[in-house]
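Next up, run_3.cif (mmCIF, C-alpha atoms and all ligand atoms):
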```
data_query
#
loop_
_atom_site.label_atom_id
_atom_site.label_comp_id
_atom_site.auth_asym_id
_atom_site.auth_seq_id
_atom_site.Cartn_x
_atom_site.Cartn_y
_atom_site.Cartn_z
CA MET A 1 33.23 -23.20 22.40
CA GLY A 2 36.06 -20.66 22.08
CA ASN A 3 36.14 -16.91 22.02
CA GLY A 4 34.16 -15.34 19.23
CA GLU A 5 32.32 -18.52 18.20
CA TRP A 6 28.56 -18.77 17.74
CA GLY A 7 26.96 -21.92 19.08
CA VAL A 8 24.12 -23.77 20.71
CA GLY A 9 24.02 -24.44 24.44
CA ASN A 10 21.26 -26.09 26.47
CA GLY A 11 18.98 -25.98 23.46
CA LYS A 12 19.26 -22.19 23.09
CA TRP A 13 21.08 -20.15 20.48
CA GLY A 14 23.62 -17.95 22.11
CA ILE A 15 27.01 -16.29 22.03
CA TYR A 16 29.76 -17.75 24.18
CA ASN A 17 32.51 -15.59 25.56
CA TYR A 18 32.27 -13.25 22.62
CA GLN A 19 34.75 -10.51 23.20
CA LEU A 20 35.92 -7.99 20.62
CA PRO A 21 39.67 -7.51 20.67
CA ILE A 22 38.97 -3.85 21.48
CA THR A 23 42.54 -2.72 21.95
CA ASN A 24 43.84 -4.09 18.66
CA TYR A 25 40.75 -2.99 16.90
CA GLN A 26 40.91 0.61 17.99
CA PHE A 27 44.48 1.11 17.07
CA THR A 28 44.85 -1.08 14.01
CA HIS A 29 41.68 -0.67 12.03
CA TYR A 30 39.65 2.21 13.27
CA GLN A 31 42.21 4.94 13.25
CA LEU A 32 41.39 7.59 10.66
CA PRO A 33 44.06 7.76 7.96
CA ILE A 34 44.42 11.48 8.62
CA ASN A 35 47.92 11.63 7.21
CA ASN A 36 46.78 10.23 3.87
CA TYR A 37 43.98 12.68 3.96
CA GLN A 38 46.08 15.79 4.29
CA MET A 39 46.62 15.84 0.57
CA LYS A 40 44.45 18.87 -0.05
CA LYS A 41 41.45 17.03 -1.41
CA ILE A 42 38.87 19.34 -2.95
CA VAL A 43 35.51 18.95 -1.22
CA LEU A 44 32.33 20.59 -2.55
CA ILE A 45 29.66 20.97 0.13
CA THR A 46 26.19 22.15 -0.89
CA GLY A 47 24.10 23.79 1.82
CA ALA A 48 27.24 24.85 3.69
CA SER A 49 25.64 27.98 5.18
CA SER A 50 24.00 26.15 8.09
CA GLY A 51 23.57 22.95 10.09
CA ILE A 52 25.12 19.73 8.80
CA GLY A 53 26.81 21.40 5.82
CA GLU A 54 28.49 23.99 8.02
CA ALA A 55 29.65 21.27 10.44
CA CYS A 56 31.09 19.30 7.50
CA ALA A 57 32.99 22.39 6.39
CA LYS A 58 34.64 22.58 9.82
CA VAL A 59 35.58 18.90 10.08
CA PHE A 60 37.02 18.77 6.55
CA ALA A 61 38.84 22.11 7.06
CA ASP A 62 40.45 20.63 10.15
CA SER A 63 41.76 17.74 8.04
CA GLY A 64 43.52 20.05 5.57
CA ALA A 65 41.02 19.72 2.71
CA ARG A 66 40.29 22.58 0.30
CA LEU A 67 36.65 23.59 0.40
CA ILE A 68 34.14 24.76 -2.18
CA LEU A 69 31.21 26.04 -0.12
CA ALA A 70 27.85 26.51 -1.85
CA ALA A 71 24.49 27.88 -0.70
CA ARG A 72 22.09 30.71 -1.51
CA ARG A 73 23.05 32.90 1.47
CA LEU A 74 26.46 34.23 0.45
CA GLU A 75 26.93 36.40 3.56
CA ARG A 76 26.67 33.25 5.72
CA LEU A 77 29.30 31.52 3.59
CA GLN A 78 31.58 34.54 3.83
CA LYS A 79 31.32 34.57 7.62
CA LEU A 80 32.00 30.83 7.81
CA ALA A 81 34.96 31.07 5.40
CA SER A 82 36.63 33.79 7.43
CA GLN A 83 36.25 31.68 10.61
CA LEU A 84 37.72 28.66 8.82
CA VAL A 85 40.64 30.65 7.46
CA GLN A 86 41.42 31.98 10.94
CA GLU A 87 41.07 28.64 12.69
CA PHE A 88 42.46 26.19 10.13
CA ALA A 89 44.26 28.35 7.52
CA VAL A 90 42.09 26.57 4.96
CA ASP A 91 41.66 27.41 1.26
CA THR A 92 38.03 28.15 0.39
CA HIS A 93 36.10 29.01 -2.74
CA LEU A 94 32.56 30.33 -2.25
CA VAL A 95 29.69 29.82 -4.66
CA GLN A 96 26.32 31.52 -4.23
CA LEU A 97 24.06 28.89 -5.71
CA ASP A 98 20.48 27.72 -5.76
CA VAL A 99 20.90 24.01 -6.54
CA SER A 100 17.39 23.82 -7.98
CA ASN A 101 18.38 26.16 -10.83
CA ARG A 102 19.88 23.85 -13.44
CA SER A 103 21.57 26.48 -15.58
CA ALA A 104 23.01 28.15 -12.46
CA VAL A 105 24.45 24.79 -11.37
CA GLU A 106 25.94 24.23 -14.83
CA THR A 107 27.52 27.69 -14.82
CA ALA A 108 28.81 27.32 -11.27
CA ILE A 109 30.55 24.02 -11.98
CA SER A 110 31.81 24.80 -15.48
CA SER A 111 33.23 28.17 -14.42
CA LEU A 112 35.21 26.94 -11.44
CA PRO A 113 38.80 28.21 -11.65
CA THR A 114 41.16 25.46 -12.86
CA GLU A 115 42.72 25.07 -9.42
CA TRP A 116 39.25 24.27 -8.00
CA SER A 117 37.78 22.18 -10.80
CA ASP A 118 39.04 18.69 -9.86
CA ILE A 119 36.50 17.97 -7.16
CA ASP A 120 37.37 14.85 -5.11
CA ILE A 121 34.34 14.72 -2.80
CA LEU A 122 30.84 16.04 -3.39
CA ILE A 123 28.63 16.29 -0.30
CA ASN A 124 25.07 16.69 -1.60
CA ASN A 125 23.66 18.15 1.59
CA ALA A 126 21.47 21.08 0.46
CA GLY A 127 17.88 20.27 1.26
CA LEU A 128 14.81 21.20 3.22
CA SER A 129 11.37 20.22 4.36
CA ARG A 130 8.34 22.48 4.10
CA GLY A 131 5.19 21.90 6.13
CA LEU A 132 3.80 18.88 7.92
CA ASP A 133 0.35 18.88 6.32
CA LYS A 134 -1.71 15.87 5.39
CA LEU A 135 -1.22 15.23 1.69
CA HIS A 136 -4.84 16.12 0.80
CA GLU A 137 -4.34 19.48 2.50
CA GLY A 138 -0.78 20.04 1.25
CA ASP A 139 0.59 23.24 -0.24
CA PHE A 140 1.71 22.89 -3.87
CA GLN A 141 4.46 25.48 -3.42
CA ASP A 142 5.92 23.46 -0.51
CA TRP A 143 5.88 20.32 -2.65
CA GLU A 144 7.58 22.01 -5.61
CA GLU A 145 10.30 23.41 -3.38
CA MET A 146 11.11 20.08 -1.71
CA ILE A 147 11.11 18.15 -4.99
CA ASP A 148 13.13 20.80 -6.83
CA ILE A 149 15.81 21.12 -4.16
CA ASN A 150 16.04 17.68 -2.54
CA ILE A 151 15.76 15.60 -5.71
CA LYS A 152 16.40 17.72 -8.79
CA GLY A 153 19.04 19.90 -7.10
CA LEU A 154 20.97 16.84 -5.96
CA LEU A 155 20.73 15.36 -9.46
CA TYR A 156 21.86 18.57 -11.20
CA VAL A 157 24.95 19.01 -9.03
CA THR A 158 25.83 15.32 -9.35
CA ARG A 159 25.35 15.36 -13.12
CA TYR A 160 27.76 18.28 -13.59
CA VAL A 161 30.42 17.13 -11.08
CA LEU A 162 30.48 13.37 -11.65
CA PRO A 163 31.83 13.17 -15.25
CA GLY A 164 35.07 14.79 -14.04
CA MET A 165 35.39 12.22 -11.24
CA VAL A 166 34.85 9.34 -13.67
CA SER A 167 37.38 10.68 -16.15
CA ARG A 168 40.00 11.41 -13.47
CA GLY A 169 39.42 7.95 -11.96
CA ARG A 170 38.78 9.18 -8.44
CA GLY A 171 35.96 10.68 -6.44
CA HIS A 172 33.26 10.21 -3.85
CA ILE A 173 29.62 11.29 -3.89
CA ILE A 174 28.11 11.56 -0.41
CA ASN A 175 24.36 12.12 -0.42
CA ILE A 176 22.55 13.25 2.71
CA GLY A 177 19.35 11.23 2.85
CA SER A 178 17.26 10.77 5.98
CA ILE A 179 15.49 8.24 8.16
CA ALA A 180 12.47 9.79 6.36
CA GLY A 181 13.61 7.99 3.21
CA HIS A 182 13.30 4.65 5.00
CA GLN A 183 10.09 5.22 6.96
CA ALA A 184 7.24 7.60 6.15
CA TYR A 185 5.54 9.45 9.02
CA PRO A 186 2.25 11.35 9.27
CA GLY A 187 2.48 14.66 7.41
CA GLY A 188 5.91 13.70 6.03
CA ASN A 189 4.46 12.48 2.70
CA VAL A 190 6.34 14.57 0.10
CA TYR A 191 9.48 15.19 2.19
CA CYS A 192 9.72 11.43 2.89
CA GLY A 193 9.21 10.82 -0.84
CA THR A 194 12.13 13.09 -1.71
CA LYS A 195 14.41 11.31 0.74
CA ALA A 196 13.26 7.88 -0.51
CA ALA A 197 14.28 9.20 -3.94
CA VAL A 198 17.73 10.12 -2.58
CA LYS A 199 18.06 6.56 -1.27
CA SER A 200 17.14 5.08 -4.67
CA ILE A 201 19.34 7.52 -6.58
CA SER A 202 22.31 6.61 -4.36
CA GLU A 203 21.69 2.89 -4.96
CA GLY A 204 21.34 3.46 -8.71
CA LEU A 205 24.48 5.55 -8.81
CA LYS A 206 26.46 2.82 -7.07
CA LEU A 207 25.34 0.38 -9.78
CA ASP A 208 26.13 2.81 -12.60
CA LEU A 209 29.61 3.48 -11.22
CA LEU A 210 30.57 -0.18 -10.93
CA GLY A 211 33.84 -0.57 -12.81
CA THR A 212 35.04 2.90 -11.81
CA PRO A 213 36.83 3.79 -8.57
CA VAL A 214 34.23 6.45 -7.72
CA ARG A 215 32.50 5.84 -4.39
CA VAL A 216 28.88 6.51 -3.40
CA THR A 217 27.57 6.85 0.14
CA SER A 218 24.20 7.79 1.55
CA VAL A 219 24.26 9.17 5.10
CA ASP A 220 20.75 9.05 6.53
CA PRO A 221 20.23 10.74 9.90
CA GLY A 222 17.26 10.83 12.24
CA MET A 223 16.62 13.97 14.32
CA VAL A 224 19.40 16.55 14.14
CA GLU A 225 18.95 19.95 15.77
CA THR A 226 19.65 22.54 13.05
CA GLU A 227 17.56 25.19 11.30
CA PHE A 228 15.70 22.31 9.60
CA SER A 229 12.51 22.51 11.71
CA GLU A 230 12.44 26.31 11.62
CA VAL A 231 12.54 26.09 7.82
CA ARG A 232 9.91 23.34 7.83
CA PHE A 233 7.55 25.53 9.87
CA HIS A 234 8.26 28.64 7.79
CA GLY A 235 10.14 30.45 10.56
CA ASP A 236 7.92 29.48 13.52
CA GLU A 237 10.70 29.10 16.13
CA GLY A 238 8.35 28.04 18.95
CA ARG A 239 6.95 25.15 16.93
CA ALA A 240 10.43 24.21 15.74
CA SER A 241 11.91 24.04 19.23
CA LYS A 242 9.13 21.68 20.39
CA VAL A 243 10.44 19.05 17.95
CA TYR A 244 13.57 18.60 20.10
CA GLN A 245 11.97 19.24 23.50
CA GLY A 246 12.76 16.78 26.29
CA LEU A 247 15.18 14.64 24.27
CA THR A 248 18.78 14.77 23.18
CA PRO A 249 18.90 15.07 19.38
CA LEU A 250 21.95 14.53 17.20
CA THR A 251 24.09 17.60 16.63
CA PRO A 252 25.26 18.61 13.14
CA GLU A 253 28.78 17.73 14.33
CA ASP A 254 27.66 14.14 15.08
CA VAL A 255 26.57 13.78 11.46
CA ALA A 256 29.66 15.51 10.05
CA ASP A 257 31.79 13.10 12.05
CA VAL A 258 30.13 10.11 10.33
CA ILE A 259 30.43 11.75 6.91
CA PHE A 260 34.14 12.33 7.52
CA PHE A 261 34.56 8.71 8.59
CA CYS A 262 32.93 7.52 5.34
CA ALA A 263 35.18 9.82 3.29
CA THR A 264 38.40 8.65 4.91
CA ARG A 265 38.25 4.88 4.42
CA LYS A 266 40.83 3.15 2.28
CA PRO A 267 40.14 3.69 -1.46
CA HIS A 268 38.78 0.14 -1.99
CA VAL A 269 36.18 0.52 0.78
CA ASN A 270 32.73 1.90 -0.05
CA ILE A 271 30.33 2.58 2.79
CA ASN A 272 27.03 2.39 0.94
CA GLU A 273 24.58 3.59 3.56
CA VAL A 274 24.65 4.76 7.15
CA ILE A 275 21.54 5.30 9.27
CA LEU A 276 22.20 7.18 12.47
CA MET A 277 19.77 8.46 15.04
CA PRO A 278 19.85 9.74 18.60
CA VAL A 279 19.68 7.19 21.40
CA ASP A 280 16.39 8.95 22.25
CA GLN A 281 14.89 7.97 18.87
CA ALA A 282 13.90 4.46 17.77
CA SER A 283 12.10 5.13 14.49
CA ALA A 284 10.81 8.06 12.45
CA THR A 285 7.85 8.29 14.84
CA MET A 286 9.08 6.91 18.18
CA VAL A 287 11.09 9.13 20.48
CA ASN A 288 11.78 9.16 24.19
CA ARG A 289 10.88 12.53 25.69
CA ARG A 290 11.88 12.86 29.32
CA SER A 291 9.74 15.95 29.78
P1 LIG B 301 19.59 23.54 7.72
O1 LIG B 301 18.31 24.23 7.40
O2 LIG B 301 20.34 23.98 8.92
O3 LIG B 301 20.55 23.61 6.45
C1 LIG B 301 20.07 23.43 5.14
C2 LIG B 301 21.12 23.92 4.16
O4 LIG B 301 20.64 23.69 2.83
C3 LIG B 301 21.37 25.42 4.29
O5 LIG B 301 22.75 25.65 4.21
C4 LIG B 301 20.67 26.01 3.08
O6 LIG B 301 21.37 27.16 2.62
C5 LIG B 301 20.82 24.87 2.08
N1 LIG B 301 19.84 24.95 1.00
C6 LIG B 301 18.50 24.85 1.08
N2 LIG B 301 17.95 25.05 -0.11
C7 LIG B 301 18.97 25.28 -0.98
C8 LIG B 301 19.06 25.57 -2.38
N3 LIG B 301 17.95 25.68 -3.13
N4 LIG B 301 20.26 25.73 -2.92
C9 LIG B 301 21.39 25.65 -2.18
N5 LIG B 301 21.38 25.40 -0.86
C10 LIG B 301 20.18 25.22 -0.27
O7 LIG B 301 19.22 21.99 7.82
P2 LIG B 301 20.12 20.67 7.99
O8 LIG B 301 21.54 21.00 8.17
O9 LIG B 301 19.44 19.86 9.01
O10 LIG B 301 19.86 19.98 6.58
C11 LIG B 301 20.89 19.50 5.73
C12 LIG B 301 20.42 18.23 5.05
O11 LIG B 301 20.22 17.22 6.03
C13 LIG B 301 19.10 18.36 4.29
O12 LIG B 301 19.22 17.65 3.07
C14 LIG B 301 18.11 17.67 5.22
O13 LIG B 301 17.02 17.15 4.51
C15 LIG B 301 18.97 16.59 5.80
N6 LIG B 301 18.52 16.00 7.05
C16 LIG B 301 18.28 16.78 8.16
C17 LIG B 301 17.88 16.18 9.33
C18 LIG B 301 17.53 16.97 10.55
O14 LIG B 301 16.86 16.43 11.44
N7 LIG B 301 17.97 18.21 10.68
C19 LIG B 301 17.76 14.72 9.43
C20 LIG B 301 18.01 14.01 8.21
C21 LIG B 301 18.41 14.64 7.08
P3 LIG B 301 20.73 28.47 2.02
O15 LIG B 301 19.38 28.66 2.66
O16 LIG B 301 21.71 29.54 2.38
O17 LIG B 301 20.65 28.24 0.55
C1 LIG B 302 14.86 14.95 8.82
C2 LIG B 302 14.47 13.98 9.88
O1 LIG B 302 12.49 12.71 10.83
O2 LIG B 302 12.31 15.14 10.69
O3 LIG B 302 15.07 14.31 7.61
O4 LIG B 302 12.18 13.79 8.72
S1 LIG B 302 12.78 13.91 10.01
#
```

Render the structure in this file as structure tokens.
Ligand code: NDP
Ligand code: 8X3
Amino acid sequence: MGNGEWGVGNGKWGIYNYQLPITNYQFTHYQLPINNYQMKKIVLITGASSGIGEACAKVFADSGARLILAARRLERLQKLASQLVQEFAVDTHLVQLDVSNRSAVETAISSLPTEWSDIDILINNAGLSRGLDKLHEGDFQDWEEMIDINIKGLLYVTRYVLPGMVSRGRGHIINIGSIAGHQAYPGGNVYCGTKAAVKSISEGLKLDLLGTPVRVTSVDPGMVETEFSEVRFHGDEGRASKVYQGLTPLTPEDVADVIFFCATRKPHVNINEVILMPVDQASATMVNRRS
């Protein structure tokens, strides 16, 4: 049995001398094509005012991309943009936008200045969870908000951006799903439902775009320490911090790193779905707390 071959030995299935050619692999195939990337791609990031969206803005700015940053809190976007300009001399265009408002999304996309209108990459990141109540005790307002932002908001932005990608013959939609879209957990009911919808929408989109060069990726993280839990618990910081207590969660930068990897593959490569979670997490409900 030679290197890299699967086989049977002493009646047991096993791997014999399986060694990845690490050195070749690192330098030949895994190197990011940064030079190709520095072609001033236009990247629209929704929910760029915090957490994963903000981390994406930094990683793409570092690569030389031009950034359209969208969120409701304009002052946050302005602060981020001035940091990015100082650090990376990046071009930014800011859009104050509630993605759940369909006519606002239509206006925002259709009124982009010509030099910003040919969006190459859309990162559908804006989203939130509200509450952790049992469904029979759930708050209707929380449900509406999650469904309107996580599902309808993602659809609206995609619907207005995607036709341009199809007609230009290039583009990439990157949807931020969640482990919650793969596994429900107690009290997660509606939030998990919205992220299961993101998973299905991403799969459907991939099918609909077959025959075009437009790529579709769903990046589905487990626990990431951001403002997510504070928003879920309506500003209760104490309750939010307990979510990450005693374990090492993912950082927003960890997720942005994976998103950037997906966006920088060769044009014929589509990464359909990535699930990432902290080493301290094994499923939506199982975590390893050391204290
Ligand atoms: P944050 O709360 O830190 O960031 C959420 C972002 O979404 C903010 O920039 C917020 O901006 C924006 N947003 C919320 N509602 C709207 C809206 N109606 N219109 C426009 N922007 C909006 O959380 P995360 O960074 O963690 O969340 C980002 C995404 O990642 C979400 O889709 C979330 O579901 C997903 N996710 C998070 C995980 C986690 O553990 N943190 C794990 C898996 C997925 P503003 O309020 O200024 O509008
Ligand atoms: C966020 C991760 O597990 O809190 O989508 O739902 S989780």

Using only C-alpha atoms and all ligand atoms, which protein or nucleic acid residues are at most 10 Å from ligand LIG 302 (chain B), as a JSON list (two decimals) with C-alpha atoms, in the frame of the given file?
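New file pocket35.json:
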```
[["chain", "number", "residue", "atom", "x", "y", "z"],
["A", 127, "GLY", "CA", 17.88, 20.27, 1.26],
["A", 128, "LEU", "CA", 14.81, 21.20, 3.22],
["A", 129, "SER", "CA", 11.37, 20.22, 4.36],
["A", 132, "LEU", "CA", 3.80, 18.88, 7.92],
["A", 176, "ILE", "CA", 22.55, 13.25, 2.71],
["A", 177, "GLY", "CA", 19.35, 11.23, 2.85],
["A", 178, "SER", "CA", 17.26, 10.77, 5.98],
["A", 179, "ILE", "CA", 15.49, 8.24, 8.16],
["A", 180, "ALA", "CA", 12.47, 9.79, 6.36],
["A", 181, "GLY", "CA", 13.61, 7.99, 3.21],
["A", 182, "HIS", "CA", 13.30, 4.65, 5.00],
["A", 183, "GLN", "CA", 10.09, 5.22, 6.96],
["A", 184, "ALA", "CA", 7.24, 7.60, 6.15],
["A", 185, "TYR", "CA", 5.54, 9.45, 9.02],
["A", 187, "GLY", "CA", 2.48, 14.66, 7.41],
["A", 188, "GLY", "CA", 5.91, 13.70, 6.03],
["A", 189, "ASN", "CA", 4.46, 12.48, 2.70],
["A", 191, "TYR", "CA", 9.48, 15.19, 2.19],
["A", 192, "CYS", "CA", 9.72, 11.43, 2.89],
["A", 194, "THR", "CA", 12.13, 13.09, -1.71],
["A", 195, "LYS", "CA", 14.41, 11.31, 0.74],
["A", 220, "ASP", "CA", 20.75, 9.05, 6.53],
["A", 221, "PRO", "CA", 20.23, 10.74, 9.90],
["A", 222, "GLY", "CA", 17.26, 10.83, 12.24],
["A", 223, "MET", "CA", 16.62, 13.97, 14.32],
["A", 224, "VAL", "CA", 19.40, 16.55, 14.14],
["A", 225, "GLU", "CA", 18.95, 19.95, 15.77],
["A", 226, "THR", "CA", 19.65, 22.54, 13.05],
["A", 228, "PHE", "CA", 15.70, 22.31, 9.60],
["A", 229, "SER", "CA", 12.51, 22.51, 11.71],
["A", 232, "ARG", "CA", 9.91, 23.34, 7.83],
["A", 243, "VAL", "CA", 10.44, 19.05, 17.95],
["A", 277, "MET", "CA", 19.77, 8.46, 15.04],
["A", 281, "GLN", "CA", 14.89, 7.97, 18.87],
["A", 283, "SER", "CA", 12.10, 5.13, 14.49],
["A", 284, "ALA", "CA", 10.81, 8.06, 12.45],
["A", 285, "THR", "CA", 7.85, 8.29, 14.84],
["A", 286, "MET", "CA", 9.08, 6.91, 18.18]]
```

Kindly indicate which residue among A:Val59, A:Val166, A:Leu207, A:Ala65 lies nearest to Ile259 (chain A), using all atoms listed in the file for the distances.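 Going through A:Val59, A:Val166, A:Leu207, A:Ala65 one by one, the smallest distance to Ile259 (chain A) is for A:Val59.
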
Could you check the closest approach to ligand LIG 301 (chain B) for each of A:Lys79, A:Lys58, A:Lys40, A:Arg73 and tell me which residue wins, using only C-alpha atoms and all ligand atoms?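 So, comparing all the options, the nearest one is A:Arg73.
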
Show which residues sit within 6 Å of region 145-151 of chain A, as a VMD selection string. Count all atoms listed in the file, and ignore same-chain residues fewer than 2 positions away. chain A and resid 100 127 142 to 143 153 to 154 194

Just give me the gap between CA of Pro163 (chain A) and CA of Asp62 (chain A) in Å, one decimal is fine.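 Taking CA of Pro163 (chain A) as the start and CA of Asp62 (chain A) as the end point, the length is 27.8 Å.
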
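Our summary of the geometry notes that CA of Gly238 (chain A) is positioned 18.7 Å from atom O10 of ligand LIG 301 (chain B).
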
Rank A:Leu112, A:Ala126, A:Ala282, A:Ala81 by their smallest atom-to-atom distance to ligand LIG 301 (chain B), using all atoms listed in the file, and report the top residue only. A:Ala126

In terms of the shortest atom-to-atom distance over only C-alpha atoms, which of A:Asn101, A:Thr92, A:Thr251, A:Ser202 is closest to Trp116 (chain A)? A:Thr92

As lines of an AutoDock Vina configuration file: centre and edge lengths in Å, one decimal, of the axis-aligned box holding ligand LIG 301 (chain B) with 8 Å per side:
```
center_x = 19.8
center_y = 21.8
center_z = 4.2
size_x = 21.9
size_y = 31.5
size_z = 30.6
```

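Using all atoms listed in the file, the smallest distance between any of A:Val90, A:Ile52, A:Pro267, A:Pro278 and Val255 (chain A) comes from A:Ile52.
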
Distance criterion (all atoms listed in the file): nearest to ligand LIG 301 (chain B) out of A:Asn175, A:Ser49, A:Asn270, A:Ser63: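 Between A:Asn175, A:Ser49, A:Asn270, A:Ser63, the residue approaching ligand LIG 301 (chain B) most closely is A:Ser49.
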
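Between CA of Leu122 (chain A) and atom N2 of ligand LIG 301 (chain B) there is a distance of 16.1 Å.
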
Select all residues near (11.7, 24.0, 13.7) (cut-off 6 Å, inclusive, file coordinates), counting all atoms listed in the file, and output them as a list in words.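 With a cut-off of 6 Å, the residues come to Phe228, Ser229, Glu230, Phe233, Glu237, Arg239, Ala240 and Ser241 of chain A.
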
If we count all atoms listed in the file, what is near Met165 (chain A) at a cut-off of 10 Å, once residues fewer than 4 positions away on the same chain are taken out, given as JSON, numbers by chain? {"A": [118, 119, 120, 121, 122, 161, 169, 170, 171, 172, 173, 212, 213, 214, 215]}
